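*Asks:* So that we are looking at the same thing, I have put the structure below in structure tokens.
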Amino acid sequence: MTKWILKGLATGIKTTAYPSVPETAPGVSPGRPGTTYFADKDMELIKHCPAKALFGKAGSVRVDYRRCIHCFQCTRTEGYPSIDWEDGFEWASLAGYPERDQVSITPLGRPFSRSVHIRIVDAGACGACMSEIAQLGKPYYNFHRLGLFVTPTPRKADILLAVGPLTDHMRLALQKTYEAMPSPRRVVAVGTCALSGGPFGPSFISGAGIHETIPVDFSVPGCPPPPLAVLHGLLLAAGRAEPVPLKSRDSARDNPGKEVR
């Protein structure tokens with residue numbers, strides 16, 4: 001025991017300081033594709049995206065992060081230049097569904113700024129998103145330091161964090177979990193499958209995301225999103241972070257002088 005104590009004192013604190021300090025350690029995020037200028041002859045790269053996440057025109061290829069599955073096809077397709085890759089992990093946004101009134105989606109607010117309880121529901125995920133979420137309770141991320149706690153009962157939950165494309169056998173369970181939560185309540189959809197169905201839906205056994213059954217307030221894209229992206233989504237729901245767009249920015253508007261490759 002003494003040796004472990006001495007080793008701990010010598011090693012020091014290894015927990016990330018995010019969000020107080022920007023996280024720059026290598027390996028905390030795989031990054032994601034971003035808007036890229038292409039010559040007209042290379043715009044056909046859009047058709048090679050298996051998830052149909054790429055779109056654009058006039059030499060500007062953009063990304064719909066609700067559909068991106070991080071397959072790297074946009075960087076490895078033979079005969080085409082590689083799409084630009086963005087570092088970072090702050091990926092959470094407002095729900096992004098046309099049927100939702102984005103103005104009405106607000107964070108939980110000040111009363112929940114330091115004490116938020118989360119109910120996690122696996123709505124048919126492959127296991128990757130759940131694996132990333134599990135890291136949040138471990139020493140490096142330690143989201144308890146930020147007042148974020150997992151609860152086993154929806155009756156004490158402030159946030160419903162859902163993953164998976166929503167398989168038919170989980171539809172009723174998700175609906176009942178949501179209805180059992182007290183108000184105010186917020187829903188955070190995590191992962192490409194939860195946002196759009198991903199590679200699994202819509203199909204005969206699963207839907208096109210959890211928004212088909214319950215209202216989604218905040219979205220965390222990625223396949224899977226890294227732990228800090230999920231943490232960003234939880235902080236956004238609690239009113240302690242700012243959202244980012246669910247689609248990569250229009251490079252023709254944001255960088256009018258950039259050259260095609």
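Residues in the structure tokens are numbered from 1 in each chain, the chains being A, B, ... in the order shown, and ligands are numbered from 1 in the order shown.
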Which neighbours of stretch 169-173 of chain A fall inside 12 Å, counting only C-alpha atoms, when residues of the same chain fewer than 5 positions from it are skipped, and could you give them as number ranges by chain?

*Replies:* A: 120-125, 154, 162-164, 178-180, 204-214

*Asks:* List every residue of stretch 41-85 of chain A that DSSP, applied to the backbone, labels as strand (DSSP E), and write the result as a PDB file with N, CA and C atoms, in the first residue's frame.

*Replies:*
```pdb
ATOM      1  N   LEU A  54     -21.243  12.909 -47.459  1.00  0.00           N
ATOM      2  CA  LEU A  54     -20.619  13.993 -48.214  1.00  0.00           C
ATOM      3  C   LEU A  54     -21.629  14.624 -49.161  1.00  0.00           C
ATOM      4  N   PHE A  55     -21.555  15.933 -49.303  1.00  0.00           N
ATOM      5  CA  PHE A  55     -22.405  16.650 -50.241  1.00  0.00           C
ATOM      6  C   PHE A  55     -21.700  17.944 -50.620  1.00  0.00           C
ATOM      7  N   GLY A  56     -22.235  18.647 -51.603  1.00  0.00           N
ATOM      8  CA  GLY A  56     -21.645  19.915 -51.985  1.00  0.00           C
ATOM      9  C   GLY A  56     -21.727  20.156 -53.473  1.00  0.00           C
ATOM     10  N   LYS A  57     -21.227  21.308 -53.873  1.00  0.00           N
ATOM     11  CA  LYS A  57     -21.197  21.689 -55.280  1.00  0.00           C
ATOM     12  C   LYS A  57     -20.194  22.805 -55.454  1.00  0.00           C
ATOM     13  N   SER A  60     -16.769  22.600 -53.592  1.00  0.00           N
ATOM     14  CA  SER A  60     -16.719  22.571 -52.132  1.00  0.00           C
ATOM     15  C   SER A  60     -17.429  21.327 -51.616  1.00  0.00           C
ATOM     16  N   VAL A  61     -16.662  20.395 -51.036  1.00  0.00           N
ATOM     17  CA  VAL A  61     -17.232  19.175 -50.468  1.00  0.00           C
ATOM     18  C   VAL A  61     -17.440  19.389 -48.973  1.00  0.00           C
ATOM     19  N   ARG A  62     -18.677  19.188 -48.517  1.00  0.00           N
ATOM     20  CA  ARG A  62     -19.004  19.360 -47.117  1.00  0.00           C
ATOM     21  C   ARG A  62     -19.432  18.023 -46.503  1.00  0.00           C
ATOM     22  N   VAL A  63     -19.586  18.012 -45.181  1.00  0.00           N
ATOM     23  CA  VAL A  63     -19.861  16.774 -44.452  1.00  0.00           C
ATOM     24  C   VAL A  63     -21.094  16.941 -43.570  1.00  0.00           C
ATOM     25  N   TRP A  85      -8.801  16.915 -42.893  1.00  0.00           N
ATOM     26  CA  TRP A  85      -9.163  16.285 -41.632  1.00  0.00           C
ATOM     27  C   TRP A  85      -9.033  17.303 -40.513  1.00  0.00           C
TER      28      TRP A  85
END
```

*Asks:* Go through A:Arg186, A:His70, A:Lys7, A:Arg76 and flag the residue nearest A:Ala95, using only C-alpha atoms for the distances.

*Replies:*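 Answer, going by the shortest atom-to-atom distance: A:Arg186.
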
*Asks:* Calculated over only C-alpha atoms, which of the candidates A:Phe218, A:Tyr80, A:Trp4, A:Tyr18 has the smallest distance to A:Ile46?

*Replies:*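 Selected residue with least distance to A:Ile46: A:Tyr80.
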
*Asks:* Smallest atom-to-atom distance to A:Glu23: which of A:Gly88, A:Gly8, A:Pro202, A:Gly222, using only C-alpha atoms?

*Replies:* A:Gly88

*Asks:* Given only C-alpha atoms as the basis, pick out the residue of A:Ile105, A:Leu228, A:Leu236, A:Leu9 nearest to A:Gln135.

*Replies:* A:Leu228

*Asks:* Give me the residues of stretch 127-231 of chain A that have any atom at most 10 Å from an atom of stretch 114-119 of chain A; for each, the nearest atom pair and the distance in Å, rounded to one decimal. Use only C-alpha atoms, sort by chain and number, and format it as JSON lines.

*Replies:*
```
{"residue": "A:His144", "atom": "CA", "partner": "A:Ser115", "partner_atom": "CA", "distance": 9.2}
{"residue": "A:Arg145", "atom": "CA", "partner": "A:Arg114", "partner_atom": "CA", "distance": 9.3}
{"residue": "A:Leu146", "atom": "CA", "partner": "A:Arg114", "partner_atom": "CA", "distance": 6.5}
{"residue": "A:Gly147", "atom": "CA", "partner": "A:Ser115", "partner_atom": "CA", "distance": 4.6}
{"residue": "A:Leu148", "atom": "CA", "partner": "A:Val116", "partner_atom": "CA", "distance": 5.0}
{"residue": "A:Phe149", "atom": "CA", "partner": "A:His117", "partner_atom": "CA", "distance": 4.8}
{"residue": "A:Val150", "atom": "CA", "partner": "A:Ile118", "partner_atom": "CA", "distance": 4.7}
{"residue": "A:Thr151", "atom": "CA", "partner": "A:Arg119", "partner_atom": "CA", "distance": 5.5}
{"residue": "A:Pro152", "atom": "CA", "partner": "A:Arg119", "partner_atom": "CA", "distance": 6.4}
{"residue": "A:Thr153", "atom": "CA", "partner": "A:Arg119", "partner_atom": "CA", "distance": 6.8}
{"residue": "A:Pro154", "atom": "CA", "partner": "A:Arg119", "partner_atom": "CA", "distance": 5.9}
{"residue": "A:Arg155", "atom": "CA", "partner": "A:Arg119", "partner_atom": "CA", "distance": 9.2}
{"residue": "A:Lys156", "atom": "CA", "partner": "A:His117", "partner_atom": "CA", "distance": 6.9}
{"residue": "A:Ala157", "atom": "CA", "partner": "A:His117", "partner_atom": "CA", "distance": 4.9}
{"residue": "A:Asp158", "atom": "CA", "partner": "A:His117", "partner_atom": "CA", "distance": 5.3}
{"residue": "A:Ile159", "atom": "CA", "partner": "A:Ile118", "partner_atom": "CA", "distance": 4.8}
{"residue": "A:Leu160", "atom": "CA", "partner": "A:Arg119", "partner_atom": "CA", "distance": 5.0}
{"residue": "A:Leu161", "atom": "CA", "partner": "A:Arg119", "partner_atom": "CA", "distance": 6.1}
{"residue": "A:Ala162", "atom": "CA", "partner": "A:Arg119", "partner_atom": "CA", "distance": 8.4}
{"residue": "A:Thr177", "atom": "CA", "partner": "A:Arg119", "partner_atom": "CA", "distance": 8.6}
{"residue": "A:Tyr178", "atom": "CA", "partner": "A:Arg119", "partner_atom": "CA", "distance": 9.5}
{"residue": "A:Met181", "atom": "CA", "partner": "A:Arg119", "partner_atom": "CA", "distance": 9.2}
{"residue": "A:Arg186", "atom": "CA", "partner": "A:Ile118", "partner_atom": "CA", "distance": 9.7}
{"residue": "A:Val187", "atom": "CA", "partner": "A:Ile118", "partner_atom": "CA", "distance": 9.7}
{"residue": "A:Val188", "atom": "CA", "partner": "A:Ile118", "partner_atom": "CA", "distance": 9.9}
```

*Asks:* Restricting the calculation to only C-alpha atoms: of A:Gly198, A:Gly239, A:Gly233, A:Pro26, which residue gets closest to A:Asp87?

*Replies:*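 Looking at the shortest contact to A:Asp87, the residue is A:Pro26.
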
*Asks:* Near A:Phe38, counting only C-alpha atoms, which residues have an atom at most 10 Å away, once you skip same-chain residues fewer than 2 positions from it, shown as an MDAnalysis selection string?

*Replies:* chainID A and resid 35:36 40:45 57:61 80:83 259:261

*Asks:* Could you state the separation of atom CA of A:Thr24 and atom CA of A:Gly12 in Å, given to one decimal place?

*Replies:* 17.9 Å

*Asks:* Considering only C-alpha atoms, state which residue in the set A:Ser248, A:His232, A:Phe143, A:His48 is at the smallest distance from A:Pro22.

*Replies:*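 Closest to A:Pro22, using only C-alpha atoms: A:His232.
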
*Asks:* Rounded to one decimal place, report the atom CA of A:Asp217-atom CA of A:Ser20 distance in Å.

*Replies:*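 Separation between atom CA of A:Asp217 and atom CA of A:Ser20: 24.4 Å.
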
*Asks:* Atom CA of A:Asp64 to atom CA of A:Leu108: how many Å, to one decimal?

*Replies:*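 For atom CA of A:Asp64 relative to atom CA of A:Leu108, the distance reads 26.7 Å.
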
*Asks:* Looking only at alpha helix (DSSP H) from DSSP on the backbone, list the matching residues of stretch 15-259 of chain A as a PyMOL selection string.

*Replies:* chain A and resi 73-76+128-134+168-180+192-196+227-237+251-254
